[in-house]
Number of protein chains: 2
Amino acid sequence: MATDSPPNEIAAPAPTVDAGRLLDRLAALAEIGAIEGTEGCSRLAFTDADGAGRDLVVGWMGDLGLDVSVDVIGNVIGIWRPDGCDPDAAPVLTGSHIDTVATGGRYDGNLGVLAGLEVIETFASAGTPICRPIGVAFFSNEEGSRFAPDMMGSLAYVGGLSVEEALATVGVDGAIVVDELDRIGYRGSTPCPGRAPHAYVELHIEQGPVLEMAGTRIGVVESVQGISWTQITITGQSNHAGTTPMHLRRDAGYAAARIGAFVRDLAVDLGPPQVATVGAINLHPNLVNVVAASATLTVDLRNTDDAVLVDSERRLGLFLDELADQEGVTITSRSLARSEPVTFDPTVVGLVEAVAVDLGLSTLRLPSGAGHDAQMLARVCPSAMIFTPSRDGISHNPSEYTEPADIEAGTNVLARVLLHLAGRNR
Amino acid sequence: MATDSPPNEIAAPAPTVDAGRLLDRLAALAEIGAIEGTEGCSRLAFTDADGAGRDLVVGWMGDLGLDVSVDVIGNVIGIWRPDGCDPDAAPVLTGSHIDTVATGGRYDGNLGVLAGLEVIETFASAGTPICRPIGVAFFSNEEGSRFAPDMMGSLAYVGGLSVEEALATVGVDGAIVVDELDRIGYRGSTPCPGRAPHAYVELHIEQGPVLEMAGTRIGVVESVQGISWTQITITGQSNHAGTTPMHLRRDAGYAAARIGAFVRDLAVDLGPPQVATVGAINLHPNLVNVVAASATLTVDLRNTDDAVLVDSERRLGLFLDELADQEGVTITSRSLARSEPVTFDPTVVGLVEAVAVDLGLSTLRLPSGAGHDAQMLARVCPSAMIFTPSRDGISHNPSEYTEPADIEAGTNVLARVLLHLAGRNR
């Protein structure tokens, strides 16, 4: 990428954000769909709660005088075009999402969107002059808990998913995206795919334990792991657990257990950053005294190096073949999801790191283990992410928590990075 | 035990049973609670279907002129006291149960009860003279699918469970035994525990593949395996499957998988007749991209030698301790059921074998892997069991099947054994 400012501008001061104001907005948004007795909230994509959350954020965008557009799949972008900037230039974009999982926390996604508003309010209050417009986006249905695929809005925004297909998606509850968007009033008129931003930077909680364990304030996200999700179905023979000698068994439950143990060995053998998880196992009939007739389970494999990820898939396949032979069961598998690793733009990644260091913050380069809208935007513009620590690595849980000081630090990094990318207009 | 006939009576002829009549009764009983489109039936204990099945069998007992009694926990015994027998002598008892699992077959339990009626009808038609009365029992709630424990009726009959406790049992559907017994009209007045029979012999399908695999017609059941059921609860840490490095995980799903693999290794290491099964696994939250926070699973261990069974329990416990340390999870376990192995009376076991051999039938001595009412009666009188083959070892399933020729053979063995035990009155 070409930046509009020379390198010595990296350290140029930006006004300091008001962390209290940002935390107040996070709290106000978390009240919509609040999960009683917790700090968390539940705003599944395109539900009434999602609609109410959108209304609140769009209201704040209006208060800040942003030009708000809603596209045909419900992505919302508010653009700040202060006097003196080139209103027609491609904006520098930040943001994330405001939909949550069913038992979500208040930081996942929301932080990136509201931190963007906080930066703009800070710049506007200080009269900070910029060359390019700065936009804040919240993309539809990032979580994918109700409608697959996840990152639907950002994927459609960059042209990776047709709007027709996205609108026709049927949810786990039988609802259809287009109906739900109409119902909550967020089927907009702005075309999608949208205009490529000048650059995209997303602030997000880590959702993992690495930064906290390392005692680091700022995660400099270099890449997003490639993800391979496989559903495995094992068909064996239901038998009485008391009357069937071990050597006559075709035990789907045993085969499932062996796979659960194998994927751990596989990940350890391949070494970091490879991760491998069997998160879901369902046996049938799932009774204490019956050898399971069948089992389904999921395998989640991730790596930042696609060659290694492909190798892990290959080795899993070989193991399944051997296991089926040994136990006399039938094993079939189908891909639930597969994404290649994404490498963020080295210049923007370096900018994030330089800004954080200049602010006196400890940094750690790391890959993102989760998927984020930034990986979609990376297809059309130089992109990167900033991570803040997650307490105990917990996310997708009402007890998700990030220290206010870390939120402030991450947002100040975002402010300087956005100012650098937009160009100080002197 | 003392039998009333000298050994040379073993080979004394008994009239041959009418297999067609027995199969007709099996079919008629299977029509009550029939599972549409299958040969199976569903008559959970103390349901309306169980009540209707009881009425049918009690009607047949009446047709045969048996003295029918119903005890306070619903056990039903019909006693044949033909002219010439000592009406006050303790009867020789046969029988089983007529309750089924929710998706049951037509043979499990029912065969033993209806074969008993067939033997009596055969003897009555032929005017076979006997010294002792012969009784046919069906014991309440053998399956335990709706109310725990299983073998409830026979356990109470021999004094192993108080009637008060049995009657107060709450089922998985919230129903209470006493209410259900009253509703179906089978809370009788005969005291329980009941009178110890002279001897007890039960004909049952094997419910396993051993006889079929060996090409054997008659299973001579020497013992019943001791059973140890344990529920294991694992508490780990829910984490994002993408963002949590392998070495920081406390994965309850992985620990569950390791246990599933371990119990197989344990059974193989201990050798037959040890069996070990993880039939049920439940992960929470059971999602593709979340490291499981917790898991529950069951372990079913069985052996005919209690010392080995105890050793298998000990080794499982040691493994769980090691695993908890290794993975940083908490593992607790509680016993769901524990029964010691039962050894049947060698004289009655030998009688079954001698009769079968004399009838020209191939035999195999084997333990029962499942629990049966006979193991309760063995506490109060000399007891044994006769097994007939189960096609593909399948039971507790509507496709449960035993060849008519095997049913006939097993019932003829039962007839001769009962005649021998009751004593031919010349």
# chains A, B, ... in the order shown; residues from 1 in each chain; ligands from 1
>>> closest_atom_pairs(of="chain A", to="chain B", cutoff="6 Å", atoms="only C-alpha atoms", output="Markdown table")
| residue | atom | partner | partner_atom | distance |
| --- | --- | --- | --- | --- |
| A:Gly208 | CA | B:Thr243 | CA | 4.7 |
| A:Gly242 | CA | B:Gly369 | CA | 4.1 |
| A:Thr243 | CA | B:Gly369 | CA | 4.2 |
| A:Thr244 | CA | B:Gly208 | CA | 5.5 |
| A:Tyr254 | CA | B:Gly260 | CA | 5.8 |
| A:Ala257 | CA | B:Ala257 | CA | 4.0 |
| A:Arg258 | CA | B:Ala261 | CA | 5.8 |
| A:Gly260 | CA | B:Ala257 | CA | 5.2 |
| A:Ala261 | CA | B:Ala257 | CA | 5.8 |
| A:Gly279 | CA | B:Val288 | CA | 4.8 |
| A:Ala280 | CA | B:Asn286 | CA | 4.2 |
| A:Asn286 | CA | B:Ala280 | CA | 4.2 |
| A:Leu287 | CA | B:Ala280 | CA | 5.1 |
| A:Val288 | CA | B:Gly279 | CA | 4.8 |
| A:Val290 | CA | B:Gly279 | CA | 5.6 |
| A:Val291 | CA | B:Gly279 | CA | 5.4 |
| A:Ala292 | CA | B:Gly279 | CA | 5.7 |
| A:Thr298 | CA | B:Val288 | CA | 5.6 |
| A:Gly369 | CA | B:Gly242 | CA | 4.0 |
| A:Ala370 | CA | B:Gly242 | CA | 5.3 |
>>> select_by_dssp(residues="region 45-195 of chain A", states="helix (DSSP H, G or I)", output="PyMOL selection string")
chain A and resi 48-63+110-126+152-157+163-167+177-184
>>> atom_distance(atom1="CA of Ala374 (chain A)", atom2="CA of Ile120 (chain A)")
19.4 Å
>>> select_by_dssp(residues="region 343-416 of chain A", states="strand (DSSP E or B)", output="NGL selection string")
:A and (343 or 363-368 or 383-388)
>>> residues_around(residues="Ser399 (chain A)", least_positions_apart="5", cutoff="8 Å", atoms="only C-alpha atoms", output="number ranges by chain")
A: 38-40, 105, 394
>>> atom_distance(atom1="CA of Leu66 (chain B)", atom2="CA of Met385 (chain B)")
23.1 Å
>>> atom_distance(atom1="CA of Val310 (chain B)", atom2="CA of Asp265 (chain B)")
16.4 Å
>>> closest_residue(among="B:Gly423, B:Pro197, B:Pro346, B:Gly37", to="Thr128 (chain B)", atoms="only C-alpha atoms")
B:Gly423
>>> residues_around(residues="Asp150 (chain A)", least_positions_apart="6", cutoff="9 Å", atoms="only C-alpha atoms", output="VMD selection string")
chain A and resid 141 to 144 371
>>> decode(residues="region 52-75 of chain A", atoms="N, CA and C atoms", output="PDB file, in the first residue's frame")
ATOM      1  N   ALA A  52     -32.599  -3.396  17.503  1.00  0.00           N
ATOM      2  CA  ALA A  52     -32.548  -2.326  18.508  1.00  0.00           C
ATOM      3  C   ALA A  52     -31.117  -1.856  18.722  1.00  0.00           C
ATOM      4  N   GLY A  53     -30.162  -2.793  18.702  1.00  0.00           N
ATOM      5  CA  GLY A  53     -28.754  -2.423  18.827  1.00  0.00           C
ATOM      6  C   GLY A  53     -28.322  -1.559  17.655  1.00  0.00           C
ATOM      7  N   ARG A  54     -28.744  -1.951  16.454  1.00  0.00           N
ATOM      8  CA  ARG A  54     -28.429  -1.165  15.264  1.00  0.00           C
ATOM      9  C   ARG A  54     -28.985   0.266  15.388  1.00  0.00           C
ATOM     10  N   ASP A  55     -30.245   0.355  15.840  1.00  0.00           N
ATOM     11  CA  ASP A  55     -30.858   1.683  15.970  1.00  0.00           C
ATOM     12  C   ASP A  55     -30.039   2.571  16.897  1.00  0.00           C
ATOM     13  N   LEU A  56     -29.568   1.990  18.005  1.00  0.00           N
ATOM     14  CA  LEU A  56     -28.800   2.773  18.971  1.00  0.00           C
ATOM     15  C   LEU A  56     -27.505   3.284  18.340  1.00  0.00           C
ATOM     16  N   VAL A  57     -26.793   2.390  17.653  1.00  0.00           N
ATOM     17  CA  VAL A  57     -25.501   2.778  17.072  1.00  0.00           C
ATOM     18  C   VAL A  57     -25.697   3.763  15.916  1.00  0.00           C
ATOM     19  N   VAL A  58     -26.721   3.522  15.115  1.00  0.00           N
ATOM     20  CA  VAL A  58     -27.007   4.457  14.011  1.00  0.00           C
ATOM     21  C   VAL A  58     -27.363   5.833  14.578  1.00  0.00           C
ATOM     22  N   GLY A  59     -28.063   5.842  15.704  1.00  0.00           N
ATOM     23  CA  GLY A  59     -28.380   7.112  16.377  1.00  0.00           C
ATOM     24  C   GLY A  59     -27.118   7.855  16.779  1.00  0.00           C
ATOM     25  N   TRP A  60     -26.163   7.124  17.331  1.00  0.00           N
ATOM     26  CA  TRP A  60     -24.886   7.749  17.708  1.00  0.00           C
ATOM     27  C   TRP A  60     -24.139   8.254  16.477  1.00  0.00           C
ATOM     28  N   MET A  61     -24.208   7.477  15.402  1.00  0.00           N
ATOM     29  CA  MET A  61     -23.567   7.930  14.154  1.00  0.00           C
ATOM     30  C   MET A  61     -24.176   9.247  13.693  1.00  0.00           C
ATOM     31  N   GLY A  62     -25.515   9.324  13.815  1.00  0.00           N
ATOM     32  CA  GLY A  62     -26.207  10.562  13.439  1.00  0.00           C
ATOM     33  C   GLY A  62     -25.784  11.723  14.332  1.00  0.00           C
ATOM     34  N   ASP A  63     -25.687  11.480  15.633  1.00  0.00           N
ATOM     35  CA  ASP A  63     -25.262  12.529  16.573  1.00  0.00           C
ATOM     36  C   ASP A  63     -23.892  13.087  16.206  1.00  0.00           C
ATOM     37  N   LEU A  64     -23.039  12.196  15.651  1.00  0.00           N
ATOM     38  CA  LEU A  64     -21.683  12.623  15.281  1.00  0.00           C
ATOM     39  C   LEU A  64     -21.638  13.246  13.888  1.00  0.00           C
ATOM     40  N   GLY A  65     -22.799  13.313  13.234  1.00  0.00           N
ATOM     41  CA  GLY A  65     -22.859  13.940  11.917  1.00  0.00           C
ATOM     42  C   GLY A  65     -22.280  13.086  10.808  1.00  0.00           C
ATOM     43  N   LEU A  66     -22.234  11.775  11.024  1.00  0.00           N
ATOM     44  CA  LEU A  66     -21.682  10.899   9.978  1.00  0.00           C
ATOM     45  C   LEU A  66     -22.701  10.720   8.848  1.00  0.00           C
ATOM     46  N   ASP A  67     -22.199  10.460   7.658  1.00  0.00           N
ATOM     47  CA  ASP A  67     -23.068  10.085   6.531  1.00  0.00           C
ATOM     48  C   ASP A  67     -23.326   8.583   6.648  1.00  0.00           C
ATOM     49  N   VAL A  68     -24.559   8.219   6.991  1.00  0.00           N
ATOM     50  CA  VAL A  68     -24.861   6.813   7.260  1.00  0.00           C
ATOM     51  C   VAL A  68     -25.503   6.169   6.046  1.00  0.00           C
ATOM     52  N   SER A  69     -24.959   5.030   5.644  1.00  0.00           N
ATOM     53  CA  SER A  69     -25.592   4.266   4.558  1.00  0.00           C
ATOM     54  C   SER A  69     -25.833   2.840   5.039  1.00  0.00           C
ATOM     55  N   VAL A  70     -26.924   2.259   4.557  1.00  0.00           N
ATOM     56  CA  VAL A  70     -27.248   0.863   4.858  1.00  0.00           C
ATOM     57  C   VAL A  70     -27.321   0.137   3.527  1.00  0.00           C
ATOM     58  N   ASP A  71     -26.551  -0.931   3.377  1.00  0.00           N
ATOM     59  CA  ASP A  71     -26.576  -1.600   2.082  1.00  0.00           C
ATOM     60  C   ASP A  71     -27.633  -2.708   2.050  1.00  0.00           C
ATOM     61  N   VAL A  72     -27.733  -3.365   0.893  1.00  0.00           N
ATOM     62  CA  VAL A  72     -28.846  -4.288   0.672  1.00  0.00           C
ATOM     63  C   VAL A  72     -28.770  -5.543   1.545  1.00  0.00           C
ATOM     64  N   ILE A  73     -27.634  -5.788   2.174  1.00  0.00           N
ATOM     65  CA  ILE A  73     -27.528  -6.929   3.082  1.00  0.00           C
ATOM     66  C   ILE A  73     -27.430  -6.452   4.540  1.00  0.00           C
ATOM     67  N   GLY A  74     -27.639  -5.142   4.728  1.00  0.00           N
ATOM     68  CA  GLY A  74     -27.730  -4.638   6.104  1.00  0.00           C
ATOM     69  C   GLY A  74     -26.427  -4.146   6.697  1.00  0.00           C
ATOM     70  N   ASN A  75     -25.343  -4.153   5.926  1.00  0.00           N
ATOM     71  CA  ASN A  75     -24.104  -3.554   6.429  1.00  0.00           C
ATOM     72  C   ASN A  75     -24.309  -2.047   6.580  1.00  0.00           C
TER      73      ASN A  75
END
